[in-house]
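Asks: Here it is, the structure, as structure tokens.
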Amino acid sequence: MIRIRKSCLEKWKRKCTYCGKKDIPLQVEHIQPKSKGGSDRVSNLCLACEKCNQKKGNQSVGEFLRKKPQIRSLILKQAKTSLRDAATVNATRWKLFNSLKETGLIATIGSGGQTKFNRTTRKLPKAHCIDAACVGEVGIVEFKTQQPLQAICRGQGGRQKAAVNKYGYPIRYNPLKPIKGWCSGDIGKNLETGEVGRVNPRSKSNSFNFTVTGKKAKSIHVSKLRLVQRKDGYTYKFCSLLTINVQENAV
Ligand SMILES: [Zn+2]
């Protein structure tokens with residue numbers, strides 16, 4: 001029930017659906033009353049302030065808002081669109097879940113509302129990595145670090161051997177083999193400054209392009225580079241520190 005209330009608050013932006021008032025106690029309300037065949041689904045629920053709820057009573061939205069057709073059609077549209085979106089997401093989700101189960105690995109699922117519920121009841125800050133730990137039935141959430149590492153899939157790069165100009169005429173040869181032991185995208189360390197960045201080797205020169213995240217690319221001699229990691233199709237980045245207390249492991 002708390003979960004339904006939370007998702008309703010999100011969906012209707014913490015306002016009374018009928019009069020738009022904010023910062024007042026809101027009740028979960030049936031758009032079509034149950035006595036008139038309305039369901040308990042989230043798509044039939046909205047928020048109403050005490051006053052509107054009393055005034056609406058057992059009427060349908062059509063009757064209640066017969067003098068405000070604009071608001072009425074807006075509410076019905078909002079309720080319906082989220083239903084359509086939800087249907088698509090649902091179908092995809094089950095297909096994905098069943099495919100994962102077929103691998104024989106342990107797969108569990110949970111709703112977005114449940115994730116948020118798990119996170120907020122544990123008084124954890126909002127972050128993608130924390131949400132990932134809060135999906136489904138969750139026991140104790142234990143943190144080993146305050147700083148998550150973000151790995152973004154970027155693909156393995158192209159297989160095009162010749163760079164072409166805008167007419168399709170080959171202008172440069174791009175060897176697929178490493179140049180002096182380096183491939184473009186390899187992560188290297190600048191032995192002079194200690195900086196770590198991406199290396200882009202040049203076939204005709206011993207000066208390679210070296211890019212540190214957030215800085216402009218510069219030239220660096222190949223002898224001043226040490227390999228940290230081969231390119232693997234991912235970029236890595238340290239996220240900002242989380243406001244959690246790692247010492248107090250069990251939150
Ligand atoms: Zn109201």
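Residues are referred to by chain and number: the chain letter is A, B, ... according to the order shown in the structure tokens, the number counts from 1 in that chain, and ligands are numbered separately from 1 in the order shown.
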Which residues are near ligand 1 - at most 10 Å, using only C-alpha atoms and all ligand atoms? Format: as a list of chain:residue names.
Replies: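 Result of the 10 Å neighbour search around ligand 1: A:Lys15, A:Cys16, A:Thr17, A:Tyr18, A:Cys19, A:Gly20, A:Lys21, A:Lys22, A:Ile24, A:Pro25, A:Leu26, A:Gln27, A:Leu47, A:Ala48, A:Cys49, A:Glu50, A:Lys51, A:Cys52, A:Asn53, A:Gln54, A:Lys55, A:Lys56.
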Asks: Write out as a list in words the residues lying within 8 Å of Asn200 (chain A), counting only C-alpha atoms and excluding same-chain residues fewer than 6 positions away.
Replies: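 My list of contacting residues is Trp182, Cys183, Ser184, Gly185, Asp186, Phe208, Asn209 and Phe210 of chain A.
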Asks: Going by DSSP on the backbone, which residues of region 8-220 of chain A come out as helix (DSSP H, G or I)? List them as a PyMOL selection string.
Replies: chain A and resi 8-11+34-36+42-44+50-56+61-64+69-102+112-121+128-133
Asks: Could you check how far CA of Gly197 (chain A) sits from CA of Thr211 (chain A), in Å to one decimal?
Replies: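 Interatomic distance here is 5.2 Å.
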Asks: Pick the closest to Ile4 (chain A) from A:Leu176, A:Leu65, A:Ala107, A:Phe117: which is it, counting only C-alpha atoms?
Replies: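 Answer, going by the shortest atom-to-atom distance: A:Phe117.
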Asks: Name all residues at most 10 Å from Gly110 (chain A) (count only C-alpha atoms; drop same-chain ones fewer than 6 positions away) and give them as a PyMOL selection string.
Replies: chain A and resi 134-138
Asks: Would you kindly return, as an MDAnalysis selection string, each protein, DNA or RNA residue with an atom no farther than 12 Å from any atom of Arg122 (chain A), considering only C-alpha atoms and excluding same-chain residues fewer than 2 positions away?
Replies: chainID A and resid 115:120 124:126 130:131 133:134 138:142 244 249:251
Asks: Would you mind exporting N, CA and C atoms of the selected residues as a short mmCIF file (atom, residue, chain, number, x, y, z; two decimals), in the first residue's frame?
Replies:
```cif
data_model
loop_
_atom_site.label_atom_id
_atom_site.label_comp_id
_atom_site.auth_asym_id
_atom_site.auth_seq_id
_atom_site.Cartn_x
_atom_site.Cartn_y
_atom_site.Cartn_z
N THR A 115 12.00 -0.78 -5.10
CA THR A 115 13.39 -0.33 -5.01
C THR A 115 13.48 0.95 -4.19
N LYS A 116 12.61 1.90 -4.51
CA LYS A 116 12.63 3.18 -3.81
C LYS A 116 12.27 2.97 -2.34
N PHE A 117 11.31 2.09 -2.10
CA PHE A 117 10.90 1.79 -0.73
C PHE A 117 12.08 1.22 0.05
N ASN A 118 12.78 0.24 -0.56
CA ASN A 118 13.95 -0.36 0.09
C ASN A 118 15.01 0.69 0.40
N ARG A 119 15.22 1.59 -0.56
CA ARG A 119 16.27 2.59 -0.39
C ARG A 119 15.89 3.60 0.70
N THR A 120 14.65 4.09 0.65
CA THR A 120 14.28 5.15 1.60
C THR A 120 14.13 4.60 3.02
N LEU A 124 19.02 5.60 2.63
CA LEU A 124 20.17 5.69 1.74
C LEU A 124 19.95 6.83 0.75
N PRO A 125 21.03 7.49 0.32
CA PRO A 125 20.88 8.57 -0.66
C PRO A 125 20.55 8.01 -2.04
N LYS A 126 20.06 8.87 -2.93
CA LYS A 126 19.70 8.42 -4.27
C LYS A 126 20.94 8.35 -5.15
N ILE A 130 23.29 2.50 -5.80
CA ILE A 130 22.57 2.10 -4.59
C ILE A 130 21.22 1.51 -4.97
N ASP A 131 20.57 2.11 -5.95
CA ASP A 131 19.29 1.57 -6.43
C ASP A 131 19.48 0.13 -6.92
N ALA A 133 21.44 -2.02 -5.83
CA ALA A 133 21.57 -2.92 -4.68
C ALA A 133 20.25 -3.07 -3.94
N CYS A 134 19.26 -2.26 -4.30
CA CYS A 134 17.99 -2.25 -3.56
C CYS A 134 16.85 -2.90 -4.34
N VAL A 138 15.39 -7.39 -0.36
CA VAL A 138 16.73 -7.02 0.06
C VAL A 138 16.87 -7.21 1.57
N GLY A 139 17.97 -7.83 1.97
CA GLY A 139 18.25 -7.97 3.40
C GLY A 139 19.08 -6.78 3.86
N ILE A 140 20.28 -7.06 4.34
CA ILE A 140 21.17 -6.00 4.79
C ILE A 140 21.99 -5.51 3.61
N VAL A 141 22.06 -4.21 3.42
CA VAL A 141 22.89 -3.64 2.36
C VAL A 141 24.23 -3.25 2.97
N GLU A 142 25.29 -3.85 2.43
CA GLU A 142 26.61 -3.62 2.99
C GLU A 142 27.49 -2.93 1.96
N ILE A 244 27.53 8.06 2.34
CA ILE A 244 27.17 6.96 3.22
C ILE A 244 28.33 6.69 4.15
N ASN A 249 28.73 -0.34 8.29
CA ASN A 249 28.36 -1.19 7.17
C ASN A 249 26.88 -1.48 7.01
N ALA A 250 26.29 -2.08 8.01
CA ALA A 250 24.89 -2.49 7.87
C ALA A 250 23.98 -1.28 8.03
N VAL A 251 23.40 -0.86 6.93
CA VAL A 251 22.49 0.29 7.00
C VAL A 251 21.06 -0.19 6.84
#
```
Asks: Which is closer to Tyr236 (chain A) than all the others in A:Arg159, A:Val212, A:Thr193, A:Gln150, using only C-alpha atoms?
Replies: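 Among the listed residues, A:Gln150 lies closest to Tyr236 (chain A).
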Asks: Just the number, please: distance in Å from CA of Pro148 (chain A) to CA of Gly113 (chain A), one decimal.
Replies: 23.4 Å
Asks: Determine the nearest neighbour of Asn90 (chain A) from the options A:Ser111, A:Ser35, A:Cys46, A:Lys77, counting only C-alpha atoms.
Replies: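 Of all the options, A:Ser111 lies closest to Asn90 (chain A).
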Asks: Pick from A:Lys34, A:Lys218, A:Arg230, A:Lys224: nearest to Glu192 (chain A), with only C-alpha atoms counted?
Replies: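 Once distances to Glu192 (chain A) are computed over only C-alpha atoms, the minimum belongs to A:Lys224.
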Asks: From a DSSP pass on the backbone, collect the residues of region 48-166 of chain A flagged as strand (DSSP E or B) and hand them back as a PyMOL selection string.
Replies: chain A and resi 48-49+149-153+162-164
Asks: Hey, which of A:Ala127, A:Leu225, A:Leu149, A:Ile187 ends up closest to Phe238 (chain A)? Count only C-alpha atoms.
Replies: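 Of A:Ala127, A:Leu225, A:Leu149, A:Ile187, the one nearest Phe238 (chain A), counting only C-alpha atoms, is A:Leu149.
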